[in-house]
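This is model.pdb. It holds PDB, C-alpha atoms and all ligand atoms.
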ATOM      1  CA  MET A 262     -15.550  19.793 -26.313
ATOM      2  CA  GLU A 263     -12.008  18.698 -25.461
ATOM      3  CA  PRO A 264     -11.750  16.732 -22.232
ATOM      4  CA  PHE A 265      -9.814  18.443 -19.451
ATOM      5  CA  THR A 266     -10.472  21.973 -20.664
ATOM      6  CA  ARG A 267     -11.937  22.920 -17.308
ATOM      7  CA  ALA A 268      -9.293  21.048 -15.352
ATOM      8  CA  ASP A 269      -6.428  22.488 -17.397
ATOM      9  CA  ARG A 270      -7.714  26.000 -16.805
ATOM     10  CA  LEU A 271      -8.069  25.313 -13.148
ATOM     11  CA  ILE A 272      -4.578  23.929 -12.762
ATOM     12  CA  THR A 273      -2.976  26.740 -14.695
ATOM     13  CA  GLY A 274      -4.678  29.212 -12.427
ATOM     14  CA  TRP A 275      -3.977  27.487  -9.185
ATOM     15  CA  LEU A 276      -0.679  25.781  -9.477
ATOM     16  CA  THR A 277       1.465  27.724 -11.913
ATOM     17  CA  LEU A 278       2.455  24.951 -14.282
ATOM     18  CA  THR A 279       5.399  25.227 -16.616
ATOM     19  CA  LYS A 280       6.033  22.771 -19.418
ATOM     20  CA  LEU A 281       9.596  21.550 -19.157
ATOM     21  CA  GLU A 282      11.768  20.310 -22.002
ATOM     22  CA  THR A 283      11.173  16.650 -21.168
ATOM     23  CA  GLY A 284       7.451  17.169 -21.612
ATOM     24  CA  CYS A 285       6.438  16.649 -18.009
ATOM     25  CA  TYR A 286       4.194  19.308 -16.626
ATOM     26  CA  HIS A 287       5.899  20.658 -13.566
ATOM     27  CA  ARG A 288       4.061  21.947 -10.598
ATOM     28  CA  GLN A 289       6.266  24.567  -9.089
ATOM     29  CA  MET A 290       6.645  24.006  -5.386
ATOM     30  CA  VAL A 291       5.484  27.449  -4.462
ATOM     31  CA  GLY A 292       5.103  26.907  -0.838
ATOM     32  CA  THR A 293       1.546  27.112   0.380
ATOM     33  CA  ASP A 294       1.602  23.575   1.681
ATOM     34  CA  ARG A 295       5.350  23.145   2.244
ATOM     35  CA  ARG A 296       6.402  22.995   5.869
ATOM     36  CA  PRO A 297       9.950  22.594   7.168
ATOM     37  CA  LEU A 298      11.086  19.121   8.141
ATOM     38  CA  THR A 299      10.313  18.418  11.743
ATOM     39  CA  GLN A 300      12.080  15.062  11.881
ATOM     40  CA  ASP A 301      15.684  14.178  11.266
ATOM     41  CA  SER A 302      16.114  13.858   7.495
ATOM     42  CA  LYS A 303      18.924  11.329   8.016
ATOM     43  CA  ALA A 304      16.818   8.993  10.154
ATOM     44  CA  PRO A 305      16.916   5.271   9.201
ATOM     45  CA  ALA A 306      14.639   4.525   6.257
ATOM     46  CA  LYS A 307      12.401   2.128   8.158
ATOM     47  CA  VAL A 308      11.688   4.837  10.759
ATOM     48  CA  VAL A 309      10.224   6.975   7.966
ATOM     49  CA  SER A 310       7.257   4.582   7.736
ATOM     50  CA  THR A 311       6.205   5.679  11.236
ATOM     51  CA  TRP A 312       6.167   9.348  10.264
ATOM     52  CA  SER A 313       3.273  11.217   8.740
ATOM     53  CA  GLY A 314       2.724  14.471   6.894
ATOM     54  CA  GLN A 315       5.360  16.546   5.170
ATOM     55  CA  ALA A 316       8.428  14.950   6.756
ATOM     56  CA  ARG A 317       7.362  11.505   5.511
ATOM     57  CA  GLU A 318       6.597  12.874   2.073
ATOM     58  CA  ASP A 319      10.010  14.555   1.796
ATOM     59  CA  ALA A 320      11.911  11.462   2.947
ATOM     60  CA  VAL A 321       9.963   9.181   0.592
ATOM     61  CA  GLN A 322      10.550  11.540  -2.313
ATOM     62  CA  ARG A 323      14.316  11.547  -1.707
ATOM     63  CA  MET A 324      14.278   7.739  -2.011
ATOM     64  CA  PHE A 325      12.265   7.697  -5.239
ATOM     65  CA  THR A 326      14.447  10.381  -6.816
ATOM     66  CA  SER A 327      17.542   8.252  -6.186
ATOM     67  CA  ILE A 328      16.106   5.002  -7.538
ATOM     68  CA  ALA A 329      14.029   6.350 -10.460
ATOM     69  CA  GLY A 330      16.488   5.195 -13.140
ATOM     70  CA  VAL A 331      16.538   1.592 -11.882
ATOM     71  CA  TYR A 332      12.998   1.433 -10.480
ATOM     72  CA  ASP A 333      11.503  -0.740 -13.241
ATOM     73  CA  LEU A 334      14.399  -3.183 -13.294
ATOM     74  CA  ASN A 335      14.509  -3.549  -9.517
ATOM     75  CA  ASN A 336      10.741  -3.934  -9.375
ATOM     76  CA  THR A 337      10.868  -6.774 -11.888
ATOM     77  CA  LEU A 338      13.746  -8.497 -10.099
ATOM     78  CA  LEU A 339      12.362  -8.132  -6.600
ATOM     79  CA  SER A 340       8.778  -9.125  -7.458
ATOM     80  CA  PHE A 341       9.929 -11.943  -9.805
ATOM     81  CA  GLY A 342       8.105 -10.106 -12.579
ATOM     82  CA  LEU A 343       4.782 -10.365 -10.760
ATOM     83  CA  HIS A 344       4.164  -6.612 -10.663
ATOM     84  CA  TYR A 345       3.208  -6.582 -14.361
ATOM     85  CA  HIS A 346       0.625  -9.286 -13.747
ATOM     86  CA  TRP A 347      -0.763  -7.389 -10.718
ATOM     87  CA  LYS A 348      -0.991  -4.159 -12.723
ATOM     88  CA  LYS A 349      -2.762  -5.817 -15.660
ATOM     89  CA  ILE A 350      -5.420  -7.188 -13.328
ATOM     90  CA  THR A 351      -5.748  -3.768 -11.674
ATOM     91  CA  ALA A 352      -6.383  -2.083 -15.024
ATOM     92  CA  SER A 353      -8.929  -4.769 -15.937
ATOM     93  CA  PHE A 354     -11.206  -3.433 -13.176
ATOM     94  CA  ILE A 355     -11.633  -0.206 -15.147
ATOM     95  CA  THR A 356     -14.580  -0.522 -17.513
ATOM     96  CA  PRO A 357     -13.623   0.409 -21.097
ATOM     97  CA  VAL A 358     -15.410   3.525 -22.352
ATOM     98  CA  GLY A 359     -15.694   5.243 -25.744
ATOM     99  CA  ARG A 360     -14.095   8.556 -24.773
ATOM    100  CA  GLY A 361     -13.039   8.602 -21.170
ATOM    101  CA  THR A 362     -10.761  10.521 -18.872
ATOM    102  CA  ALA A 363      -8.682   8.669 -16.317
ATOM    103  CA  LEU A 364      -6.133   9.573 -13.684
ATOM    104  CA  ASP A 365      -3.354   7.366 -12.350
ATOM    105  CA  VAL A 366      -2.189   8.717  -8.983
ATOM    106  CA  GLY A 367       1.422   8.073  -7.932
ATOM    107  CA  SER A 368       1.980   6.844 -11.457
ATOM    108  CA  GLY A 369       5.764   6.723 -11.143
ATOM    109  CA  THR A 370       7.133   5.193 -14.329
ATOM    110  CA  ALA A 371       3.604   5.138 -15.792
ATOM    111  CA  ASP A 372       2.900   1.389 -16.102
ATOM    112  CA  LEU A 373      -0.715   1.721 -14.973
ATOM    113  CA  ALA A 374      -1.273   4.874 -17.025
ATOM    114  CA  LEU A 375      -0.120   2.945 -20.113
ATOM    115  CA  LEU A 376      -2.497   0.085 -19.319
ATOM    116  CA  LEU A 377      -5.375   2.534 -18.780
ATOM    117  CA  GLU A 378      -4.882   4.292 -22.085
ATOM    118  CA  SER A 379      -6.550   1.665 -24.286
ATOM    119  CA  ARG A 380      -9.523   1.474 -21.890
ATOM    120  CA  MET A 381     -10.331   5.168 -22.334
ATOM    121  CA  GLY A 382     -11.078   4.833 -26.057
ATOM    122  CA  PRO A 383      -9.324   6.277 -29.129
ATOM    123  CA  LYS A 384     -10.094   9.853 -28.078
ATOM    124  CA  GLY A 385      -9.662   9.288 -24.375
ATOM    125  CA  ARG A 386      -7.129  11.004 -22.135
ATOM    126  CA  VAL A 387      -5.046   9.770 -19.226
ATOM    127  CA  ILE A 388      -3.166  11.832 -16.672
ATOM    128  CA  ALA A 389      -0.156  10.176 -15.029
ATOM    129  CA  SER A 390       0.353  12.178 -11.837
ATOM    130  CA  ASP A 391       3.141  11.799  -9.330
ATOM    131  CA  LEU A 392       4.946  13.989  -6.850
ATOM    132  CA  ASN A 393       8.301  12.812  -8.114
ATOM    133  CA  TYR A 394       9.730  14.431 -11.213
ATOM    134  CA  ALA A 395      12.484  11.825 -11.738
ATOM    135  CA  MET A 396       9.975   8.946 -11.700
ATOM    136  CA  LEU A 397       7.653  10.754 -14.125
ATOM    137  CA  ALA A 398      10.566  11.510 -16.450
ATOM    138  CA  GLU A 399      11.226   7.749 -16.666
ATOM    139  CA  GLY A 400       7.528   7.181 -17.326
ATOM    140  CA  LEU A 401       7.524   9.775 -20.045
ATOM    141  CA  LYS A 402      10.270   7.909 -21.898
ATOM    142  CA  LYS A 403       8.001   4.850 -22.017
ATOM    143  CA  ILE A 404       4.982   6.924 -23.060
ATOM    144  CA  GLY A 405       7.052   8.578 -25.816
ATOM    145  CA  GLY A 406       8.434   5.192 -26.913
ATOM    146  CA  LYS A 407       4.868   4.014 -27.549
ATOM    147  CA  GLY A 408       3.931   7.236 -29.343
ATOM    148  CA  LEU A 409       1.291   8.110 -26.745
ATOM    149  CA  THR A 410       2.364  11.568 -25.587
ATOM    150  CA  ASP A 411      -0.781  13.109 -27.058
ATOM    151  CA  LYS A 412      -2.986  10.767 -25.022
ATOM    152  CA  ILE A 413      -1.096  10.447 -21.736
ATOM    153  CA  THR A 414       0.044  13.579 -19.929
ATOM    154  CA  CYS A 415       2.515  13.559 -17.042
ATOM    155  CA  LEU A 416       1.657  15.891 -14.193
ATOM    156  CA  GLN A 417       3.682  16.546 -11.100
ATOM    157  CA  ALA A 418       1.155  16.737  -8.292
ATOM    158  CA  SER A 419       0.624  15.504  -4.778
ATOM    159  CA  ALA A 420      -2.026  12.849  -4.200
ATOM    160  CA  GLU A 421      -3.314  15.067  -1.421
ATOM    161  CA  HIS A 422      -3.687  18.168  -3.638
ATOM    162  CA  LEU A 423      -4.466  16.988  -7.144
ATOM    163  CA  GLY A 424      -5.491  20.404  -8.430
ATOM    164  CA  PHE A 425      -8.323  19.218 -10.692
ATOM    165  CA  GLY A 426     -11.900  20.362 -10.422
ATOM    166  CA  ASP A 427     -14.583  18.289  -8.716
ATOM    167  CA  ASN A 428     -16.088  15.438 -10.782
ATOM    168  CA  THR A 429     -13.401  15.442 -13.512
ATOM    169  CA  PHE A 430     -12.449  11.785 -14.041
ATOM    170  CA  ASP A 431     -14.361   8.695 -15.138
ATOM    171  CA  ALA A 432     -11.840   6.475 -13.387
ATOM    172  CA  VAL A 433      -8.866   6.719 -11.035
ATOM    173  CA  THR A 434      -6.192   4.104 -10.399
ATOM    174  CA  THR A 435      -3.224   4.012  -8.082
ATOM    175  CA  GLY A 436      -0.482   1.422  -7.698
ATOM    176  CA  PHE A 437       1.790   1.148  -4.660
ATOM    177  CA  CYS A 438       1.431   4.848  -3.884
ATOM    178  CA  MET A 439      -1.114   5.105  -1.065
ATOM    179  CA  ARG A 440       1.348   3.486   1.367
ATOM    180  CA  ASN A 441       3.680   6.424   0.844
ATOM    181  CA  VAL A 442       1.412   9.433   1.238
ATOM    182  CA  GLY A 443       1.662  11.602   4.324
ATOM    183  CA  ASP A 444      -2.104  11.706   4.934
ATOM    184  CA  LEU A 445      -3.900   8.577   3.643
ATOM    185  CA  PRO A 446      -7.506   9.602   4.512
ATOM    186  CA  GLY A 447      -6.821  13.043   2.992
ATOM    187  CA  ALA A 448      -5.480  11.533  -0.241
ATOM    188  CA  VAL A 449      -8.453   9.166  -0.542
ATOM    189  CA  ARG A 450     -10.892  12.057  -0.032
ATOM    190  CA  GLU A 451      -9.032  14.108  -2.641
ATOM    191  CA  ILE A 452      -9.193  11.235  -5.158
ATOM    192  CA  ARG A 453     -12.927  10.854  -4.570
ATOM    193  CA  ARG A 454     -13.438  14.598  -5.011
ATOM    194  CA  VAL A 455     -11.950  14.639  -8.547
ATOM    195  CA  MET A 456     -13.985  11.597  -9.650
ATOM    196  CA  LYS A 457     -17.301  11.774 -11.479
ATOM    197  CA  PRO A 458     -20.261  10.335  -9.565
ATOM    198  CA  GLY A 459     -20.469   6.644 -10.442
ATOM    199  CA  GLY A 460     -16.761   6.588 -11.360
ATOM    200  CA  ARG A 461     -14.540   3.764 -10.173
ATOM    201  CA  PHE A 462     -11.422   3.970  -8.012
ATOM    202  CA  VAL A 463      -9.041   1.003  -8.168
ATOM    203  CA  CYS A 464      -6.177   0.814  -5.711
ATOM    204  CA  LEU A 465      -3.350  -1.733  -5.960
ATOM    205  CA  GLU A 466      -1.285  -1.957  -2.802
ATOM    206  CA  PHE A 467       0.711  -4.360  -0.676
ATOM    207  CA  SER A 468      -1.453  -5.946   1.977
ATOM    208  CA  ARG A 469      -1.560  -8.774   4.532
ATOM    209  CA  PRO A 470      -0.920 -12.358   3.318
ATOM    210  CA  VAL A 471      -3.878 -14.531   4.237
ATOM    211  CA  PHE A 472      -2.002 -17.713   5.221
ATOM    212  CA  GLY A 473       0.177 -17.923   8.344
ATOM    213  CA  TRP A 474       2.955 -19.789   6.527
ATOM    214  CA  LEU A 475       2.959 -17.194   3.739
ATOM    215  CA  ARG A 476       3.176 -14.370   6.280
ATOM    216  CA  THR A 477       6.242 -16.008   7.860
ATOM    217  CA  LEU A 478       7.910 -16.580   4.506
ATOM    218  CA  TYR A 479       7.004 -13.105   3.308
ATOM    219  CA  ASP A 480       8.306 -11.465   6.493
ATOM    220  CA  TRP A 481      11.599 -13.288   6.061
ATOM    221  CA  TYR A 482      11.797 -12.245   2.409
ATOM    222  CA  SER A 483      10.847  -8.631   2.969
ATOM    223  CA  PHE A 484      12.633  -7.874   6.250
ATOM    224  CA  LYS A 485      15.785  -9.976   5.693
ATOM    225  CA  LEU A 486      16.330 -10.922   2.056
ATOM    226  CA  LEU A 487      14.920  -7.843   0.336
ATOM    227  CA  PRO A 488      17.119  -5.251   2.127
ATOM    228  CA  TRP A 489      20.134  -7.510   1.447
ATOM    229  CA  ILE A 490      19.311  -7.858  -2.264
ATOM    230  CA  GLY A 491      18.574  -4.135  -2.415
ATOM    231  CA  THR A 492      21.992  -3.262  -1.007
ATOM    232  CA  ILE A 493      24.183  -5.955  -2.593
ATOM    233  CA  VAL A 494      22.519  -6.660  -5.946
ATOM    234  CA  ALA A 495      20.619  -3.480  -6.708
ATOM    235  CA  ARG A 496      23.377  -1.372  -5.046
ATOM    236  CA  ASP A 497      20.827   0.778  -3.298
ATOM    237  CA  HIS A 498      22.124   3.138  -0.644
ATOM    238  CA  THR A 499      18.927   5.070  -0.019
ATOM    239  CA  GLY A 500      17.423   2.527   2.378
ATOM    240  CA  VAL A 501      14.296   2.282   0.240
ATOM    241  CA  TYR A 502      14.296  -1.525   0.535
ATOM    242  CA  GLU A 503      14.218  -1.247   4.327
ATOM    243  CA  TYR A 504      11.528   1.391   4.147
ATOM    244  CA  LEU A 505       9.443  -0.844   1.831
ATOM    245  CA  PRO A 506       8.669  -3.717   4.282
ATOM    246  CA  ALA A 507       8.295  -1.316   7.198
ATOM    247  CA  SER A 508       5.795   0.780   5.256
ATOM    248  CA  ILE A 509       3.863  -2.342   4.218
ATOM    249  CA  ARG A 510       3.595  -3.439   7.834
ATOM    250  CA  ALA A 511       2.358   0.031   8.858
ATOM    251  CA  PHE A 512      -0.266   0.232   6.067
ATOM    252  CA  PRO A 513      -3.913  -0.726   6.774
ATOM    253  CA  ASP A 514      -4.711  -4.369   5.922
ATOM    254  CA  GLN A 515      -7.500  -5.349   3.519
ATOM    255  CA  GLU A 516     -10.445  -4.707   5.861
ATOM    256  CA  ARG A 517      -9.034  -1.536   7.388
ATOM    257  CA  LEU A 518      -8.394  -0.064   3.954
ATOM    258  CA  CYS A 519     -12.027  -0.826   3.043
ATOM    259  CA  GLN A 520     -13.018   1.254   6.070
ATOM    260  CA  VAL A 521     -10.749   4.150   5.043
ATOM    261  CA  LEU A 522     -12.471   4.132   1.636
ATOM    262  CA  ARG A 523     -15.956   4.024   3.177
ATOM    263  CA  ASP A 524     -15.059   6.811   5.619
ATOM    264  CA  ALA A 525     -14.046   8.948   2.614
ATOM    265  CA  GLY A 526     -17.545   8.455   1.166
ATOM    266  CA  PHE A 527     -16.918   5.656  -1.338
ATOM    267  CA  ARG A 528     -19.607   2.990  -1.758
ATOM    268  CA  GLN A 529     -19.606  -0.568  -3.128
ATOM    269  CA  VAL A 530     -16.165  -1.091  -1.592
ATOM    270  CA  SER A 531     -14.628  -4.525  -2.155
ATOM    271  CA  TYR A 532     -11.210  -6.087  -2.604
ATOM    272  CA  LYS A 533      -9.484  -8.955  -4.359
ATOM    273  CA  ASN A 534      -6.382 -10.594  -2.946
ATOM    274  CA  LEU A 535      -3.599 -11.496  -5.363
ATOM    275  CA  SER A 536      -0.671 -13.805  -4.653
ATOM    276  CA  GLY A 537      -2.227 -14.930  -1.363
ATOM    277  CA  GLY A 538      -2.872 -11.382  -0.160
ATOM    278  CA  ILE A 539       0.705 -10.142  -0.651
ATOM    279  CA  VAL A 540      -1.070  -7.477  -2.645
ATOM    280  CA  ALA A 541      -4.748  -6.528  -2.756
ATOM    281  CA  ILE A 542      -6.802  -4.618  -5.277
ATOM    282  CA  HIS A 543      -9.464  -2.437  -3.668
ATOM    283  CA  VAL A 544     -12.327  -1.306  -5.873
ATOM    284  CA  ALA A 545     -14.711   1.488  -4.865
ATOM    285  CA  THR A 546     -17.392   3.611  -6.502
ATOM    286  CA  LYS A 547     -18.045   7.315  -5.970
TER     287      LYS A 547
HETATM  288  C1  LIG B   1       6.278   2.424  -5.436
HETATM  289  S1  LIG B   1       6.084   3.726  -6.575
HETATM  290  C2  LIG B   1       4.794   3.115  -7.588
HETATM  291  C3  LIG B   1       4.889   3.630  -8.989
HETATM  292  C4  LIG B   1       3.874   3.009  -9.944
HETATM  293  N1  LIG B   1       2.519   3.359  -9.596
HETATM  294  C5  LIG B   1       4.020   1.522 -10.012
HETATM  295  O1  LIG B   1       3.063   0.832  -9.637
HETATM  296  O2  LIG B   1       5.065   1.043 -10.439
HETATM  297  C6  LIG B   1       5.237   4.924  -5.594
HETATM  298  C7  LIG B   1       5.087   6.248  -6.300
HETATM  299  O3  LIG B   1       4.216   7.060  -5.508
HETATM  300  C8  LIG B   1       4.722   8.377  -5.548
HETATM  301  N2  LIG B   1       4.236   9.120  -4.393
HETATM  302  C9  LIG B   1       4.553   8.939  -3.107
HETATM  303  N3  LIG B   1       3.899   9.818  -2.324
HETATM  304  C10 LIG B   1       3.156  10.571  -3.159
HETATM  305  C11 LIG B   1       2.247  11.646  -2.970
HETATM  306  N4  LIG B   1       1.995  12.129  -1.762
HETATM  307  N5  LIG B   1       1.649  12.171  -4.040
HETATM  308  C12 LIG B   1       1.899  11.686  -5.287
HETATM  309  N6  LIG B   1       2.749  10.683  -5.531
HETATM  310  C13 LIG B   1       3.371  10.130  -4.487
HETATM  311  C14 LIG B   1       6.232   8.209  -5.554
HETATM  312  O4  LIG B   1       6.870   9.378  -6.015
HETATM  313  C15 LIG B   1       6.401   7.015  -6.466
HETATM  314  O5  LIG B   1       6.575   7.377  -7.793
END

Using structure tokens, write down the structure from this file.
Amino acid sequence: MEPFTRADRLITGWLTLTKLETGCYHRQMVGTDRRPLTQDSKAPAKVVSTWSGQAREDAVQRMFTSIAGVYDLNNTLLSFGLHYHWKKITASFITPVGRGTALDVGSGTADLALLLESRMGPKGRVIASDLNYAMLAEGLKKIGGKGLTDKITCLQASAEHLGFGDNTFDAVTTGFCMRNVGDLPGAVREIRRVMKPGGRFVCLEFSRPVFGWLRTLYDWYSFKLLPWIGTIVARDHTGVYEYLPASIRAFPDQERLCQVLRDAGFRQVSYKNLSGGIVAIHVATK
């Protein structure tokens, strides 16, 4: 039996998918969960990190749409290339299987989905899901460039409403997405729902540096230098590089994120700090 048959049927029925010319599946925004903005859509980017729900989601999506074309380059510049190293370690927490099905939530330009592919076996399947069409379209170029379009499918979907049936995936990853969702506990519950019992969830996210001196240096870099580089070097006018440090500060630290995962019903929750806790990988089992 082909993997995803049940899930594909389910999505087609529920979410009205159309296959666009670029090959990304597109979830039409048909309105059941779309509410009008309640906050000022022109508010400063760092204020967005204090919002929740639909207004936050809309503001964040506007930023990612504007930077999609330069996202990979800026990421490499601003993390000194470290993000590739962090993502490789994240993928290494997923146990290789013979014929598995994996989901990468908030996949963006699909780096983690590409790393997952080889771990799901020659007949495995990976879904790269993201709310943002522009980011996925960039990811699809990379997937196509590696000749993997038959193994990795792009799907436009919210982390809070994934649209798959219960117990669908052997493994789920997410990289730098959870900080952006409007309802973190809701997204974590939704991820757990679509996972098979015993499946592993691996979450890569910015966290709290463990050393005082590193926190001071990091705060200076992220609140002062990063927005400056973003504006002057990367020519960003969306404010995303002001939103970034503010959203990191507002996100649960290592221990609090463990609690969010436990509250959602995950067990065997643990984490590994990388680069002194600038980022952390949380691992949890359904
Ligand atoms: C910082 S990027 C990370 C992309 C990629 N995972 C990586 O590690 O390079 C965050 C991604 O999360 C997506 N995102 C934000 N909120 C989301 C949501 N509620 N549902 C799905 N994706 C979301 C954004 O569109 C964006 O592509």

Closest-contact table, range 331-408 of chain A side, partner range 490-499 of chain A, 9 Å, counting only C-alpha atoms, as CSV:
residue,atom,partner,partner_atom,distance
A:Val331,CA,A:Ala495,CA,8.3
A:Asn335,CA,A:Ala495,CA,6.7
A:Leu339,CA,A:Ile490,CA,8.2

Could you check the closest approach to ligand LIG 1 (chain B) for each of A:Tyr504, A:Phe430, A:Phe437, A:Tyr394 and tell me which residue wins, using only C-alpha atoms and all ligand atoms?
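The closest residue to ligand LIG 1 (chain B) is A:Phe437.
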
Can you tell me, as JSON, the centre and edge lengths (Å, one decimal) of the axis-aligned box enclosing all of range 461-475 of chain A's listed atoms after padding each side by 3 Å?
{"center_x": -5.8, "center_y": -7.9, "center_z": -0.9, "size_x": 23.5, "size_y": 29.8, "size_z": 24.5}

Would you kindly translate the PyMOL selection byres (((chain A and resi 346) around 12) and not hetatm) into the concrete residues it picks from this file, as JSON, numbers by chain?
{"A": [337, 340, 341, 342, 343, 344, 345, 347, 348, 349, 350, 351, 352, 353, 372, 373, 376, 465, 535, 536, 540]}

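Nearest-residue note for ligand LIG 1 (chain B): choosing from A:Ala398, A:Leu409, A:Ala420, A:Leu334, the minimum distance belongs to A:Ala420, counting only C-alpha atoms and all ligand atoms.
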
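Nearest residue to Leu392 in chain A among A:Asp431, A:Asp411, A:Glu318, A:Asp444 is A:Glu318, counting only C-alpha atoms.
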
Explicit residue set for the PyMOL selection byres (((chain A and resi 329) around 9) and not hetatm), as a PDB file with C-alpha atoms, in the frame of the given file:
ATOM      1  CA  MET A 324      14.278   7.739  -2.011  1.00  0.00           C
ATOM      2  CA  PHE A 325      12.265   7.697  -5.239  1.00  0.00           C
ATOM      3  CA  THR A 326      14.447  10.381  -6.816  1.00  0.00           C
ATOM      4  CA  SER A 327      17.542   8.252  -6.186  1.00  0.00           C
ATOM      5  CA  ILE A 328      16.106   5.002  -7.538  1.00  0.00           C
ATOM      6  CA  GLY A 330      16.488   5.195 -13.140  1.00  0.00           C
ATOM      7  CA  VAL A 331      16.538   1.592 -11.882  1.00  0.00           C
ATOM      8  CA  TYR A 332      12.998   1.433 -10.480  1.00  0.00           C
ATOM      9  CA  ASP A 333      11.503  -0.740 -13.241  1.00  0.00           C
ATOM     10  CA  GLY A 369       5.764   6.723 -11.143  1.00  0.00           C
ATOM     11  CA  THR A 370       7.133   5.193 -14.329  1.00  0.00           C
ATOM     12  CA  ASN A 393       8.301  12.812  -8.114  1.00  0.00           C
ATOM     13  CA  ALA A 395      12.484  11.825 -11.738  1.00  0.00           C
ATOM     14  CA  MET A 396       9.975   8.946 -11.700  1.00  0.00           C
ATOM     15  CA  LEU A 397       7.653  10.754 -14.125  1.00  0.00           C
ATOM     16  CA  ALA A 398      10.566  11.510 -16.450  1.00  0.00           C
ATOM     17  CA  GLU A 399      11.226   7.749 -16.666  1.00  0.00           C
TER      18      GLU A 399
END

Can you work out which one of A:Ser390, A:Asn534, A:Gln315, A:Gln322 has the shortest atom-to-atom distance to Ser468 in chain A, counting only C-alpha atoms?
A:Asn534

Will you model N, CA and C atoms for range 339-350 of chain A and pass it back as a JSON list (two decimals), keeping the file's coordinate frame?
[["chain", "number", "residue", "atom", "x", "y", "z"],
["A", 339, "LEU", "N", 12.75, -7.87, -7.99],
["A", 339, "LEU", "CA", 12.36, -8.13, -6.60],
["A", 339, "LEU", "C", 10.95, -8.72, -6.47],
["A", 340, "SER", "N", 10.12, -8.52, -7.51],
["A", 340, "SER", "CA", 8.78, -9.12, -7.46],
["A", 340, "SER", "C", 8.71, -10.36, -8.35],
["A", 341, "PHE", "N", 9.87, -10.81, -8.87],
["A", 341, "PHE", "CA", 9.93, -11.94, -9.80],
["A", 341, "PHE", "C", 9.00, -11.70, -11.01],
["A", 342, "GLY", "N", 8.92, -10.46, -11.41],
["A", 342, "GLY", "CA", 8.10, -10.11, -12.58],
["A", 342, "GLY", "C", 6.61, -10.03, -12.30],
["A", 343, "LEU", "N", 6.22, -10.31, -11.07],
["A", 343, "LEU", "CA", 4.78, -10.36, -10.76],
["A", 343, "LEU", "C", 4.08, -9.00, -10.87],
["A", 344, "HIS", "N", 4.85, -7.92, -10.71],
["A", 344, "HIS", "CA", 4.16, -6.61, -10.66],
["A", 344, "HIS", "C", 3.42, -6.31, -11.96],
["A", 345, "TYR", "N", 3.93, -6.82, -13.10],
["A", 345, "TYR", "CA", 3.21, -6.58, -14.36],
["A", 345, "TYR", "C", 1.84, -7.28, -14.34],
["A", 346, "HIS", "N", 1.87, -8.50, -13.84],
["A", 346, "HIS", "CA", 0.62, -9.29, -13.75],
["A", 346, "HIS", "C", -0.37, -8.57, -12.82],
["A", 347, "TRP", "N", 0.10, -8.09, -11.67],
["A", 347, "TRP", "CA", -0.76, -7.39, -10.72],
["A", 347, "TRP", "C", -1.35, -6.13, -11.36],
["A", 348, "LYS", "N", -0.52, -5.42, -12.12],
["A", 348, "LYS", "CA", -0.99, -4.16, -12.72],
["A", 348, "LYS", "C", -2.02, -4.43, -13.82],
["A", 349, "LYS", "N", -1.79, -5.49, -14.60],
["A", 349, "LYS", "CA", -2.76, -5.82, -15.66],
["A", 349, "LYS", "C", -4.13, -6.11, -15.05],
["A", 350, "ILE", "N", -4.13, -6.87, -13.96],
["A", 350, "ILE", "CA", -5.42, -7.19, -13.33],
["A", 350, "ILE", "C", -6.05, -5.91, -12.77]]
